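Novice: Provided below: query14.cif, containing mmCIF, C-alpha atoms and all ligand atoms.
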```cif
data_protein
loop_
_atom_site.group_PDB
_atom_site.id
_atom_site.type_symbol
_atom_site.label_atom_id
_atom_site.label_comp_id
_atom_site.auth_asym_id
_atom_site.auth_seq_id
_atom_site.Cartn_x
_atom_site.Cartn_y
_atom_site.Cartn_z
ATOM 1 C CA MET A 181 78.299 21.014 13.629
ATOM 2 C CA THR A 182 76.441 18.633 15.957
ATOM 3 C CA THR A 183 75.387 19.759 19.425
ATOM 4 C CA THR A 184 73.538 17.827 22.099
ATOM 5 C CA ASP A 185 71.229 18.448 25.013
ATOM 6 C CA ALA A 186 72.978 19.429 28.259
ATOM 7 C CA THR A 187 70.817 17.028 30.216
ATOM 8 C CA GLU A 188 72.150 13.974 28.344
ATOM 9 C CA GLU A 189 73.507 11.390 30.785
ATOM 10 C CA SER A 190 77.135 10.302 30.818
ATOM 11 C CA GLY A 191 79.448 8.853 33.451
ATOM 12 C CA TYR A 192 80.876 12.274 34.231
ATOM 13 C CA THR A 193 77.623 14.235 34.414
ATOM 14 C CA SER A 194 75.950 11.795 36.791
ATOM 15 C CA SER A 195 79.029 11.408 39.030
ATOM 16 C CA TYR A 196 80.415 13.220 42.071
ATOM 17 C CA LEU A 197 82.589 15.278 39.666
ATOM 18 C CA ALA A 198 79.613 16.873 37.921
ATOM 19 C CA ASP A 199 78.833 20.587 37.824
ATOM 20 C CA GLN A 200 75.630 20.375 39.904
ATOM 21 C CA HIS A 201 77.736 19.522 42.974
ATOM 22 C CA ALA A 202 77.785 22.471 45.418
ATOM 23 C CA GLY A 203 81.584 22.570 45.596
ATOM 24 C CA GLN A 204 82.215 22.119 41.882
ATOM 25 C CA LEU A 205 82.994 25.708 40.851
ATOM 26 C CA ALA A 206 85.482 26.114 43.699
ATOM 27 C CA ARG A 207 87.031 22.740 42.777
ATOM 28 C CA LEU A 208 87.380 23.754 39.116
ATOM 29 C CA ARG A 209 89.075 26.985 40.242
ATOM 30 C CA THR A 210 91.649 24.929 42.178
ATOM 31 C CA LEU A 211 92.341 22.906 39.014
ATOM 32 C CA GLU A 212 92.738 26.111 37.007
ATOM 33 C CA ARG A 213 95.189 27.611 39.503
ATOM 34 C CA ALA A 214 97.280 24.437 39.366
ATOM 35 C CA PHE A 215 97.174 23.868 35.585
ATOM 36 C CA ASP A 216 96.924 27.339 33.978
ATOM 37 C CA PRO A 217 100.639 28.238 34.364
ATOM 38 C CA LEU A 218 101.665 25.116 32.421
ATOM 39 C CA SER A 219 98.980 25.597 29.740
ATOM 40 C CA GLN A 220 99.894 29.259 29.288
ATOM 41 C CA ALA A 221 103.620 28.447 28.985
ATOM 42 C CA VAL A 222 102.796 25.873 26.292
ATOM 43 C CA PHE A 223 100.662 28.311 24.266
ATOM 44 C CA ASN A 224 103.316 31.015 24.581
ATOM 45 C CA GLN A 225 105.813 28.865 22.648
ATOM 46 C CA LEU A 226 103.511 27.817 19.769
ATOM 47 C CA ASP A 227 103.487 29.751 16.488
ATOM 48 C CA ILE A 228 99.773 30.295 15.981
ATOM 49 C CA ALA A 229 98.197 31.732 12.807
ATOM 50 C CA PRO A 230 96.969 35.351 12.800
ATOM 51 C CA LYS A 231 93.286 35.776 13.714
ATOM 52 C CA PRO A 232 93.055 32.155 14.825
ATOM 53 C CA ALA A 233 89.874 30.179 15.376
ATOM 54 C CA ILE A 234 90.435 28.410 18.713
ATOM 55 C CA LEU A 235 88.334 25.672 20.302
ATOM 56 C CA ASP A 236 88.522 24.872 24.030
ATOM 57 C CA LEU A 237 86.642 21.569 24.349
ATOM 58 C CA GLY A 238 85.142 20.880 27.799
ATOM 59 C CA ALA A 239 86.166 24.341 28.984
ATOM 60 C CA GLY A 240 84.799 23.952 32.535
ATOM 61 C CA ALA A 241 84.847 27.268 34.385
ATOM 62 C CA GLY A 242 86.671 28.901 31.472
ATOM 63 C CA SER A 243 89.827 30.449 32.912
ATOM 64 C CA LEU A 244 92.008 29.179 30.072
ATOM 65 C CA ALA A 245 89.461 30.052 27.368
ATOM 66 C CA GLY A 246 89.250 33.566 28.874
ATOM 67 C CA TRP A 247 93.051 33.823 28.925
ATOM 68 C CA LEU A 248 93.214 32.678 25.268
ATOM 69 C CA SER A 249 90.795 35.395 24.164
ATOM 70 C CA LYS A 250 92.998 38.026 25.874
ATOM 71 C CA ARG A 251 96.282 36.465 24.698
ATOM 72 C CA TYR A 252 95.055 36.413 21.067
ATOM 73 C CA PRO A 253 92.810 39.514 20.848
ATOM 74 C CA ASP A 254 92.008 38.879 17.151
ATOM 75 C CA ALA A 255 90.993 35.278 17.801
ATOM 76 C CA MET A 256 87.540 33.718 17.708
ATOM 77 C CA VAL A 257 87.583 31.550 20.847
ATOM 78 C CA THR A 258 84.847 28.894 21.125
ATOM 79 C CA ALA A 259 84.377 27.370 24.576
ATOM 80 C CA THR A 260 82.259 24.216 24.726
ATOM 81 C CA ASP A 261 81.079 22.045 27.574
ATOM 82 C CA ILE A 262 78.358 19.493 28.210
ATOM 83 C CA ASP A 263 77.287 21.848 31.036
ATOM 84 C CA THR A 264 77.980 25.531 30.342
ATOM 85 C CA ARG A 265 76.668 26.954 33.633
ATOM 86 C CA PHE A 266 80.110 28.329 34.637
ATOM 87 C CA LEU A 267 80.968 29.769 31.198
ATOM 88 C CA VAL A 268 79.251 33.084 31.885
ATOM 89 C CA ASP A 269 80.523 36.660 32.022
ATOM 90 C CA ILE A 270 83.809 35.811 30.291
ATOM 91 C CA PRO A 271 84.414 38.456 27.618
ATOM 92 C CA GLY A 272 85.272 37.391 24.073
ATOM 93 C CA LEU A 273 84.007 33.800 24.187
ATOM 94 C CA ARG A 274 81.551 32.010 21.943
ATOM 95 C CA VAL A 275 79.987 29.495 24.356
ATOM 96 C CA MET A 276 78.361 26.314 23.088
ATOM 97 C CA THR A 277 76.726 23.291 24.714
ATOM 98 C CA HIS A 278 78.402 20.284 23.129
ATOM 99 C CA ASN A 279 78.972 16.672 24.112
ATOM 100 C CA ALA A 280 82.520 15.756 23.082
ATOM 101 C CA ALA A 281 81.652 12.053 23.047
ATOM 102 C CA THR A 282 78.924 12.389 20.438
ATOM 103 C CA GLY A 283 79.160 15.875 18.911
ATOM 104 C CA ASP A 284 81.326 16.772 15.947
ATOM 105 C CA PHE A 285 82.658 19.812 14.062
ATOM 106 C CA PRO A 286 83.182 20.164 10.321
ATOM 107 C CA PRO A 287 86.680 19.249 9.102
ATOM 108 C CA ALA A 288 89.331 22.001 9.380
ATOM 109 C CA SER A 289 87.170 24.318 11.523
ATOM 110 C CA PHE A 290 89.929 25.563 13.866
ATOM 111 C CA ASP A 291 93.564 26.711 13.959
ATOM 112 C CA VAL A 292 93.881 25.365 17.504
ATOM 113 C CA VAL A 293 91.947 22.685 19.381
ATOM 114 C CA HIS A 294 92.674 22.508 23.106
ATOM 115 C CA VAL A 295 91.348 19.824 25.470
ATOM 116 C CA ARG A 296 92.318 19.787 29.158
ATOM 117 C CA ALA A 297 91.373 17.425 31.994
ATOM 118 C CA LEU A 298 88.536 15.894 29.990
ATOM 119 C CA LEU A 299 89.682 12.922 27.912
ATOM 120 C CA CYS A 300 90.952 10.928 30.907
ATOM 121 C CA HIS A 301 87.319 10.869 32.120
ATOM 122 C CA LEU A 302 85.609 9.787 28.875
ATOM 123 C CA ASN A 303 85.471 6.209 27.567
ATOM 124 C CA GLU A 304 85.498 7.615 24.022
ATOM 125 C CA ARG A 305 88.895 9.340 24.589
ATOM 126 C CA GLU A 306 90.781 7.680 21.712
ATOM 127 C CA ASP A 307 87.970 8.297 19.231
ATOM 128 C CA ILE A 308 87.630 11.947 20.329
ATOM 129 C CA LEU A 309 91.373 12.441 19.875
ATOM 130 C CA THR A 310 91.153 11.014 16.343
ATOM 131 C CA ARG A 311 88.179 13.239 15.482
ATOM 132 C CA ALA A 312 89.813 16.308 17.052
ATOM 133 C CA VAL A 313 92.692 15.987 14.549
ATOM 134 C CA THR A 314 90.169 16.364 11.709
ATOM 135 C CA TRP A 315 88.810 19.591 13.233
ATOM 136 C CA VAL A 316 92.236 21.301 12.913
ATOM 137 C CA ARG A 317 93.254 23.174 9.734
ATOM 138 C CA SER A 318 96.553 22.281 8.091
ATOM 139 C CA GLY A 319 99.292 24.196 9.922
ATOM 140 C CA GLY A 320 97.216 24.364 13.113
ATOM 141 C CA TRP A 321 97.788 22.799 16.512
ATOM 142 C CA LEU A 322 96.188 20.197 18.742
ATOM 143 C CA VAL A 323 96.988 20.723 22.436
ATOM 144 C CA ILE A 324 95.965 17.883 24.761
ATOM 145 C CA GLU A 325 96.492 18.222 28.500
ATOM 146 C CA ASP A 326 95.527 15.862 31.282
ATOM 147 C CA VAL A 327 96.222 14.733 34.824
ATOM 148 C CA SER A 328 97.990 11.471 35.692
ATOM 149 C CA LEU A 329 97.621 9.997 39.180
ATOM 150 C CA GLN A 330 100.481 7.567 38.557
ATOM 151 C CA PRO A 331 102.803 9.156 41.180
ATOM 152 C CA SER A 332 100.251 8.722 43.984
ATOM 153 C CA LEU A 333 100.057 4.966 43.328
ATOM 154 C CA ARG A 334 103.818 4.647 43.826
ATOM 155 C CA THR A 335 103.920 6.126 47.336
ATOM 156 C CA ALA A 336 105.436 4.072 50.154
ATOM 157 C CA ASN A 337 103.134 5.738 52.696
ATOM 158 C CA PRO A 338 100.358 3.201 53.538
ATOM 159 C CA VAL A 339 97.711 5.818 54.421
ATOM 160 C CA PHE A 340 98.265 7.836 51.256
ATOM 161 C CA ARG A 341 98.558 4.666 49.141
ATOM 162 C CA LYS A 342 95.185 3.364 50.335
ATOM 163 C CA VAL A 343 93.442 6.704 49.712
ATOM 164 C CA ALA A 344 95.108 7.139 46.316
ATOM 165 C CA GLN A 345 94.166 3.637 45.152
ATOM 166 C CA ALA A 346 90.580 4.142 46.365
ATOM 167 C CA GLY A 347 90.346 7.444 44.475
ATOM 168 C CA VAL A 348 91.578 5.884 41.232
ATOM 169 C CA THR A 349 89.186 2.925 41.637
ATOM 170 C CA LEU A 350 86.242 5.242 42.341
ATOM 171 C CA LEU A 351 86.998 7.285 39.222
ATOM 172 C CA GLU A 352 87.248 4.112 37.117
ATOM 173 C CA GLN A 353 84.039 2.603 38.492
ATOM 174 C CA THR A 354 81.741 5.630 38.706
ATOM 175 C CA VAL A 355 83.005 7.905 35.907
ATOM 176 C CA GLY A 356 84.853 5.571 33.519
ATOM 177 C CA SER A 357 88.101 7.528 33.970
ATOM 178 C CA ASP A 358 91.559 6.243 33.158
ATOM 179 C CA MET A 359 93.798 8.230 35.493
ATOM 180 C CA LEU A 360 96.955 6.836 33.851
ATOM 181 C CA TRP A 361 95.882 7.708 30.283
ATOM 182 C CA ALA A 362 97.766 11.016 30.345
ATOM 183 C CA ASP A 363 100.995 9.014 30.489
ATOM 184 C CA THR A 364 100.277 7.813 26.915
ATOM 185 C CA LEU A 365 100.747 11.408 25.744
ATOM 186 C CA PRO A 366 102.399 12.545 23.534
ATOM 187 C CA ASP A 367 102.619 9.184 21.700
ATOM 188 C CA GLY A 368 98.914 9.380 20.802
ATOM 189 C CA LEU A 369 99.669 12.524 18.787
ATOM 190 C CA ARG A 370 102.628 10.952 16.944
ATOM 191 C CA GLU A 371 100.517 7.869 16.147
ATOM 192 C CA ARG A 372 97.950 10.158 14.505
ATOM 193 C CA GLY A 373 100.633 11.636 12.225
ATOM 194 C CA LEU A 374 101.072 15.028 13.884
ATOM 195 C CA ALA A 375 104.302 16.951 13.302
ATOM 196 C CA ARG A 376 106.507 18.960 15.712
ATOM 197 C CA VAL A 377 105.075 16.942 18.621
ATOM 198 C CA GLY A 378 106.200 18.175 22.027
ATOM 199 C CA HIS A 379 105.330 17.707 25.661
ATOM 200 C CA ARG A 380 105.928 19.255 29.030
ATOM 201 C CA THR A 381 105.021 18.052 32.514
ATOM 202 C CA LEU A 382 104.511 19.667 35.894
ATOM 203 C CA GLU A 383 104.789 17.705 39.131
ATOM 204 C CA GLY A 384 101.981 18.233 41.640
ATOM 205 C CA ARG A 385 102.625 17.600 45.336
ATOM 206 C CA ILE A 386 100.318 17.243 48.310
ATOM 207 C CA GLY A 387 100.971 18.402 51.864
ATOM 208 C CA ASP A 388 102.708 21.617 50.803
ATOM 209 C CA ASN A 389 99.740 24.009 50.369
ATOM 210 C CA SER A 390 100.563 24.337 46.662
ATOM 211 C CA PRO A 391 97.809 24.794 44.039
ATOM 212 C CA ALA A 392 98.132 21.059 43.240
ATOM 213 C CA ASP A 393 97.676 20.231 46.939
ATOM 214 C CA THR A 394 94.528 22.359 47.086
ATOM 215 C CA PHE A 395 93.154 20.712 43.923
ATOM 216 C CA TRP A 396 93.873 17.226 45.294
ATOM 217 C CA ALA A 397 92.218 18.050 48.630
ATOM 218 C CA ALA A 398 89.133 19.627 47.012
ATOM 219 C CA THR A 399 88.640 16.612 44.734
ATOM 220 C CA THR A 400 89.123 14.115 47.560
ATOM 221 C CA ALA A 401 86.675 16.040 49.779
ATOM 222 C CA GLN A 402 84.081 16.019 46.981
ATOM 223 C CA ALA A 403 84.608 12.252 46.553
ATOM 224 C CA GLU A 404 84.193 11.446 50.272
ATOM 225 C CA PRO A 405 80.488 10.462 50.269
ATOM 226 C CA ALA A 406 80.996 8.228 47.212
ATOM 227 C CA LEU A 407 84.160 6.655 48.670
ATOM 228 C CA LEU A 408 82.258 5.785 51.847
ATOM 229 C CA LYS A 409 79.123 4.627 50.012
ATOM 230 C CA CYS A 410 81.118 2.309 47.718
ATOM 231 C CA GLY A 411 82.989 0.918 50.734
ATOM 232 C CA LEU A 412 86.363 1.864 49.263
ATOM 233 C CA LEU A 413 87.392 3.785 52.409
ATOM 234 C CA SER A 414 86.194 4.143 56.005
ATOM 235 C CA GLN A 415 85.777 7.417 57.899
ATOM 236 C CA GLY A 416 88.919 6.367 59.815
ATOM 237 C CA ASP A 417 90.910 6.196 56.544
ATOM 238 C CA LEU A 418 89.689 9.652 55.547
ATOM 239 C CA ASP A 419 90.505 11.130 58.970
ATOM 240 C CA ALA A 420 93.980 9.563 58.865
ATOM 241 C CA MET A 421 94.584 11.186 55.469
ATOM 242 C CA VAL A 422 93.478 14.615 56.757
ATOM 243 C CA ASN A 423 95.935 14.258 59.656
ATOM 244 C CA LEU A 424 98.725 13.088 57.351
ATOM 245 C CA ARG A 425 98.250 16.011 54.968
ATOM 246 C CA ALA A 426 98.327 18.423 57.931
ATOM 247 C CA ASP A 427 101.567 16.880 59.263
ATOM 248 C CA PRO A 428 104.337 19.452 58.613
ATOM 249 C CA GLY A 429 106.776 16.584 57.961
ATOM 250 C CA PHE A 430 104.655 15.094 55.157
ATOM 251 C CA THR A 431 104.746 15.992 51.501
ATOM 252 C CA GLU A 432 104.628 13.662 48.495
ATOM 253 C CA THR A 433 104.282 13.840 44.736
ATOM 254 C CA ALA A 434 100.648 12.994 44.012
ATOM 255 C CA LEU A 435 100.030 13.764 40.374
ATOM 256 C CA THR A 436 101.494 14.964 37.111
ATOM 257 C CA PHE A 437 100.013 17.658 34.898
ATOM 258 C CA ILE A 438 100.895 16.650 31.342
ATOM 259 C CA SER A 439 100.706 18.878 28.282
ATOM 260 C CA ALA A 440 101.264 17.545 24.757
ATOM 261 C CA TRP A 441 100.941 19.331 21.439
ATOM 262 C CA GLY A 442 101.429 18.631 17.755
ATOM 263 C CA GLN A 443 100.933 20.357 14.434
ATOM 264 C CA VAL A 444 98.502 19.070 11.820
ATOM 265 C CA LEU A 445 100.097 19.134 8.363
ATOM 266 C CA ARG A 446 98.005 17.825 5.482
ATOM 267 C CA ASN A 447 98.840 17.049 1.906
ATOM 268 C CA GLU A 448 96.697 15.372 -0.728
ATOM 269 C CA ASN A 449 97.268 12.024 1.080
ATOM 270 C CA GLY A 450 96.002 13.254 4.455
ATOM 271 C CA VAL A 451 97.824 14.101 7.695
ATOM 272 C CA ARG A 452 101.601 13.755 7.601
ATOM 273 C CA GLY A 453 104.118 14.222 10.413
ATOM 274 C CA ARG A 454 107.771 13.802 11.261
ATOM 275 C CA ALA A 455 109.078 11.958 14.298
ATOM 276 C CA ARG A 456 112.661 12.898 15.143
ATOM 277 C CA VAL A 457 112.798 13.615 18.898
ATOM 278 C CA THR A 458 115.008 16.133 20.645
ATOM 279 C CA ALA A 459 114.857 17.329 24.221
ATOM 280 C CA ALA A 460 115.536 20.780 25.644
ATOM 281 C CA LYS A 461 115.195 22.093 29.209
ATOM 282 C CA GLY A 462 112.049 20.276 30.328
ATOM 283 C CA MET A 463 110.339 20.997 27.023
ATOM 284 C CA HIS A 464 110.517 18.142 24.480
ATOM 285 C CA ASN A 465 109.910 18.734 20.792
ATOM 286 C CA ASP A 466 110.061 16.697 17.601
ATOM 287 C CA GLN A 467 111.820 18.808 14.962
HETATM 288 C C1 LIG A 501 87.797 18.461 35.082
HETATM 289 S S1 LIG A 501 86.829 19.610 34.232
HETATM 290 C C2 LIG A 501 88.061 20.477 33.273
HETATM 291 C C3 LIG A 501 87.601 21.831 32.808
HETATM 292 C C4 LIG A 501 88.617 22.627 31.993
HETATM 293 N N1 LIG A 501 88.974 21.954 30.763
HETATM 294 C C5 LIG A 501 89.864 22.911 32.791
HETATM 295 O O1 LIG A 501 90.862 22.231 32.602
HETATM 296 O O2 LIG A 501 89.832 23.839 33.613
HETATM 297 C C6 LIG A 501 86.028 18.645 33.009
HETATM 298 C C7 LIG A 501 84.954 19.415 32.240
HETATM 299 O O3 LIG A 501 84.501 18.591 31.171
HETATM 300 C C8 LIG A 501 83.092 18.699 31.080
HETATM 301 N N2 LIG A 501 82.592 17.478 30.453
HETATM 302 C C9 LIG A 501 82.367 16.263 31.017
HETATM 303 N N3 LIG A 501 81.925 15.406 30.093
HETATM 304 C C10 LIG A 501 81.863 16.090 28.919
HETATM 305 C C11 LIG A 501 81.495 15.732 27.602
HETATM 306 N N4 LIG A 501 81.064 14.500 27.300
HETATM 307 N N5 LIG A 501 81.577 16.687 26.631
HETATM 308 C C12 LIG A 501 81.988 17.940 26.931
HETATM 309 N N6 LIG A 501 82.358 18.333 28.166
HETATM 310 C C13 LIG A 501 82.291 17.413 29.139
HETATM 311 C C14 LIG A 501 82.617 18.895 32.486
HETATM 312 O O4 LIG A 501 81.329 19.485 32.515
HETATM 313 C C15 LIG A 501 83.722 19.777 33.065
HETATM 314 O O5 LIG A 501 83.422 21.133 32.870
#
```
Could you take the file, read its structure, and then write that structure out as structure tokens?
Ligand SMILES: C[S@@+](CC[C@H](N)C(=O)[O-])C[C@H]1O[C@@H](n2cnc3c(N)ncnc32)[C@H](O)[C@@H]1O

Specialist:
Amino acid sequence: MTTTDATEESGYTSSYLADQHAGQLARLRTLERAFDPLSQAVFNQLDIAPKPAILDLGAGAGSLAGWLSKRYPDAMVTATDIDTRFLVDIPGLRVMTHNAATGDFPPASFDVVHVRALLCHLNEREDILTRAVTWVRSGGWLVIEDVSLQPSLRTANPVFRKVAQAGVTLLEQTVGSDMLWADTLPDGLRERGLARVGHRTLEGRIGDNSPADTFWAATTAQAEPALLKCGLLSQGDLDAMVNLRADPGFTETALTFISAWGQVLRNENGVRGRARVTAAKGMHNDQ
């Protein structure tokens, strides 16, 4: 197992999204409130081995890792992050400082590997996905979840469109994020030979005081100084967006929470999967 120093620089850790930002814990809580219901629904329909070893990679403030340790009381849940400052006082977790871009785990270490809202931000996302497959035991599951900002770029509203495009550009330029990468799921799991691949999505709106709205607003507020400094938006643009979001007549789809999962089945030739696709009630599964 390879671990790395928490102080190591990367696009994420030196950006406005990083954990040292004063508003970061509150912002991560807004993400958790928006995403946890989808993640929990996905785990509730997977058949997971008894006494599973579970990895939550880039666990953030740990709400899902904490839920997993309660949901599977016999499990060994490992929560990693490049910055573990928020992974404290959560019962049942093994917490580890680990850089997903450079750190590794021995082959077949876990029955479940879960990664949420991390890979879209890392340049090494495709390589990490490939390595994460090797960390899963045969019969175990890889669950990859991420946020797509695709819907916000399609809006007809000029104020929202300008702010959305600026946010995506800022993330690309200062973090290295690809905020449309989540739309490539679940194909990335099929391409890596996983079986019983499925996916589920949750639409996130702004202007309706929903958890997604709160997450969007918290992230945009945290980005404000960088948006202004990079010249992507003016204070007038930001004020116009605040007024628009407060307008009772305004609500729009801004983002999609995407969850994709697949089972790792190995034989003597390596990973093998099947790819017949069926769809059922918002939940899509290969059989
Ligand atoms: C947007 S947060 C998501 C947290 C959590 N997965 C969730 O969904 O609630 C991204 C997390 O990834 C961590 N992170 C960023 N770069 C990382 C890296 N190279 N390796 C591991 N974690 C990293 C950040 O510190 C942060 O906690």

Novice: What is the distance, in Å and to one decimal place, between CA of Glu432 (chain A) and CA of Thr399 (chain A)?

Specialist: 16.7 Å

Novice: Report as a ChimeraX atom specification the residues that result from applying the PyMOL selection byres (((chain A and resi 322) around 7) and not hetatm) to the structure here.

Specialist: /A:292-294,313,321,323-324,441-443

Novice: Using all atoms listed in the file, which protein or nucleic acid residues come within 7 Å of region 209-224 of chain A? Drop anything in the same chain fewer than 4 positions from it, and give the result as an MDAnalysis selection string.

Specialist: chainID A and resid 205 243:244 391:392 394:395 437

Novice: Take the residues that were just selected and, keeping C-alpha atoms, output them as a PDB file, in the coordinates of the input.

Specialist:
```
ATOM      1  CA  LEU A 205      82.994  25.708  40.851  1.00  0.00           C
ATOM      2  CA  SER A 243      89.827  30.449  32.912  1.00  0.00           C
ATOM      3  CA  LEU A 244      92.008  29.179  30.072  1.00  0.00           C
ATOM      4  CA  PRO A 391      97.809  24.794  44.039  1.00  0.00           C
ATOM      5  CA  ALA A 392      98.132  21.059  43.240  1.00  0.00           C
ATOM      6  CA  THR A 394      94.528  22.359  47.086  1.00  0.00           C
ATOM      7  CA  PHE A 395      93.154  20.712  43.923  1.00  0.00           C
ATOM      8  CA  PHE A 437     100.013  17.658  34.898  1.00  0.00           C
TER       9      PHE A 437
END
```

Novice: Name the residues in contact with region 281-290 of chain A at a cut-off of 10 Å, using only C-alpha atoms, excluding same-chain residues fewer than 3 positions from it; report them as number ranges by chain.

Specialist: A: 181-184, 190, 232-235, 256-258, 262, 277-278, 293, 299, 302-305, 307-308, 311-318, 320-322, 444

Novice: Please check which protein, DNA or RNA residues sit within 6 Å of ligand LIG 501 (chain A), counting all atoms listed in the file, and write them as a PyMOL selection string.

Specialist: chain A and resi 192+199+212+238-240+261-263+278-281+296-298

Novice: Kindly export the residues of the current selection with C-alpha atoms, as a PDB file, keeping the file's coordinate frame.

Specialist:
```
ATOM      1  CA  TYR A 192      80.876  12.274  34.231  1.00  0.00           C
ATOM      2  CA  ASP A 199      78.833  20.587  37.824  1.00  0.00           C
ATOM      3  CA  GLU A 212      92.738  26.111  37.007  1.00  0.00           C
ATOM      4  CA  GLY A 238      85.142  20.880  27.799  1.00  0.00           C
ATOM      5  CA  ALA A 239      86.166  24.341  28.984  1.00  0.00           C
ATOM      6  CA  GLY A 240      84.799  23.952  32.535  1.00  0.00           C
ATOM      7  CA  ASP A 261      81.079  22.045  27.574  1.00  0.00           C
ATOM      8  CA  ILE A 262      78.358  19.493  28.210  1.00  0.00           C
ATOM      9  CA  ASP A 263      77.287  21.848  31.036  1.00  0.00           C
ATOM     10  CA  HIS A 278      78.402  20.284  23.129  1.00  0.00           C
ATOM     11  CA  ASN A 279      78.972  16.672  24.112  1.00  0.00           C
ATOM     12  CA  ALA A 280      82.520  15.756  23.082  1.00  0.00           C
ATOM     13  CA  ALA A 281      81.652  12.053  23.047  1.00  0.00           C
ATOM     14  CA  ARG A 296      92.318  19.787  29.158  1.00  0.00           C
ATOM     15  CA  ALA A 297      91.373  17.425  31.994  1.00  0.00           C
ATOM     16  CA  LEU A 298      88.536  15.894  29.990  1.00  0.00           C
TER      17      LEU A 298
END
```

Novice: Mind giving me the straight-line distance from CA of Pro331 (chain A) to CA of Lys409 (chain A) in Å, one decimal?

Specialist: 25.7 Å

Novice: Using Å and a single decimal, report how far CA of Ala420 (chain A) sits from CA of Ser195 (chain A).

Specialist: 24.9 Å

Novice: Report as a PyMOL selection string the residues that result from applying the PyMOL selection byres (((chain A and resi 381-388) around 10) and not hetatm) to the structure here.

Specialist: chain A and resi 214-215+217-218+325-329+331-332+379-380+389-397+422+424-440+462-464

Novice: My list of candidates is A:Gly319, A:Thr400, A:Gln330, A:Met421. Which is closest to Leu445 (chain A) when distances are computed with all atoms listed in the file?

Specialist: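 Going through A:Gly319, A:Thr400, A:Gln330, A:Met421 one by one, the smallest distance to Leu445 (chain A) is for A:Gly319.
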
Novice: Using all atoms listed in the file, which of the listed residues (A:Cys300, A:Leu407, A:Arg376, A:Val295) sits closest to Gln345 (chain A)?

Specialist: A:Leu407
